[in-house]
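Reading through the structure tokens given below for one structure.
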Amino acid sequence: MTLVMVKRTERELGTRDRMVAGAADLVRMHGVHAAGIRQVVAHADAPRGSVQHHFPGGKDQLIAEAVAWAGRHTEEALRKADPGELIPRVCGYWRKSLQDTDFLAGCTVFAAAVDGSDPVRAAIVTAVAGWREALVAKLSGVPEPNRLATVILTAVEGAILLARAQRSVAPLDDVEAELSFLLAARTTRPA
């Protein structure tokens with residue numbers, strides 16, 4: 001559910017941050033196995049020697065930090081979203097992201113879940129917990145906000161996977177319509 005594009009310029013980020021953002025970018029497009037140290041260094045336009053300096057834990061540390069970085073940015077975006085615009089904003093972001101990347105870029109956090117190490121899985125658990133907290137905060141006053149937060153996360157992530165596989169934003173359109181209906185039904189109370 002990552003809500004940020006992670007490619008940045010050298011002016012915007014230092015070497016370490018470019019490497020973290022570059023790793024997140026590669027993971028969301030090609031998975032953890034394709035985000036090797038050489039690929040990250042090239043993608044981030046970073047000096048090869050900086051890997052050992054910035055990431056003494058190697059690739060596991062770099063990927064775990066990339067997942068944590070993507071998770072934090074998504075959590076911030078969710079916390080800033082207007083509750084009434086939450087679902088359209090999330091689905092709209094993914095529609096644009098998928099179309100802009102020719103359906104290559106998925107969610108960094110869940111892409112890493114498929115083949116991440118223990119440190120990466122720990123970063124995933126933390127990221128998803130932050131997203132759930134942010135969603136639950138936006139859903140205050142709605143019955144069963146924890147359950148609904150889980151439904152939103154799984155529906156959007158599933159729609160992203162289907163959209164990539166089908167090379168169509170139709171799954172996101174369907175999820176947006178159904179989740180919007182569900183939220184409206186849960187917030188409308190009989191008089």
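Please note that chains go A, B, ... in the order of the structure tokens, that every chain numbers its residues from 1, and that ligands are numbered from 1 in the order shown.
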Task: Distance query Lys80 in chain A at most 12 Å, only C-alpha atoms, self and fewer than 4 positions along chain excluded, as a count of residues only - done: 14
- [ ] Measure the distance from CA of Gly130 in chain A to CA of Thr15 in chain A in Å and round it to one decimal.
- [x]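 Spanning CA of Gly130 in chain A to CA of Thr15 in chain A is a straight-line distance of 26.5 Å.
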Just want the 6 Å neighbourhood of range 146-161 of chain A, counted on only C-alpha atoms, with same-chain residues fewer than 2 positions away dropped. Output as a PDB file with C-alpha atoms, in the first residue's frame.
ATOM      1  CA  ARG A 132      -3.576  -0.295  10.650  1.00  0.00           C
ATOM      2  CA  LEU A 135      -6.552   3.574   9.329  1.00  0.00           C
ATOM      3  CA  VAL A 136      -8.210   2.838  12.677  1.00  0.00           C
ATOM      4  CA  GLU A 144     -15.417  -2.387  14.230  1.00  0.00           C
ATOM      5  CA  ALA A 163      -4.150  -4.945 -11.505  1.00  0.00           C
ATOM      6  CA  ARG A 164      -0.499  -5.811 -12.137  1.00  0.00           C
ATOM      7  CA  PRO A 171      -9.604  -4.208  -9.853  1.00  0.00           C
ATOM      8  CA  LEU A 172      -8.800  -0.897  -8.137  1.00  0.00           C
TER       9      LEU A 172
END
TODO: Name the closest residue to Val125 in chain A among the candidates A:Val40, A:Leu26, A:Ala68, A:Ala111; distances are taken between atoms, counting only C-alpha atoms.
DONE: A:Ala68
Task: Distance query range 46-61 of chain A at most 9 Å, only C-alpha atoms, self and fewer than 5 positions along chain excluded, as a list of chain:residue names - done: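 Residues meeting the cut-off are A:Thr15, A:Arg16, A:Arg18, A:Met19, A:Ala35, A:Gly36, A:Ile37, A:Arg38, A:Val40, A:Val41, A:Ala66, A:Gly116, A:Ser117, A:Asp118, A:Pro119, A:Val120.
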TODO: Tell me, as number ranges by chain, which residues lie within 12 Å of Ala170 in chain A, counting only C-alpha atoms; anything in the same chain fewer than 4 positions away does not count.
DONE: A: 91-92, 94-95, 98-99, 159-166, 174-177
Open item on the list: I need the residues of range 39-183 of chain A that end up classed as helix (DSSP H, G or I) by DSSP on the backbone, written out as a PyMOL selection string.
Closed with: chain A and resi 39-44+50-54+58-80+83-100+108-115+118-138+145-166+170-183
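Between Val169 in chain A and the residues A:Gly141, A:Tyr93, A:Ala42, A:Asp82, the shortest atom-to-atom distance, using only C-alpha atoms, involves A:Tyr93.
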Open item on the list: One number please: CA of Ala127 in chain A to CA of Gly71 in chain A, in Å, one decimal.
Closed with: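 Here the two named atoms are 4.5 Å from each other.
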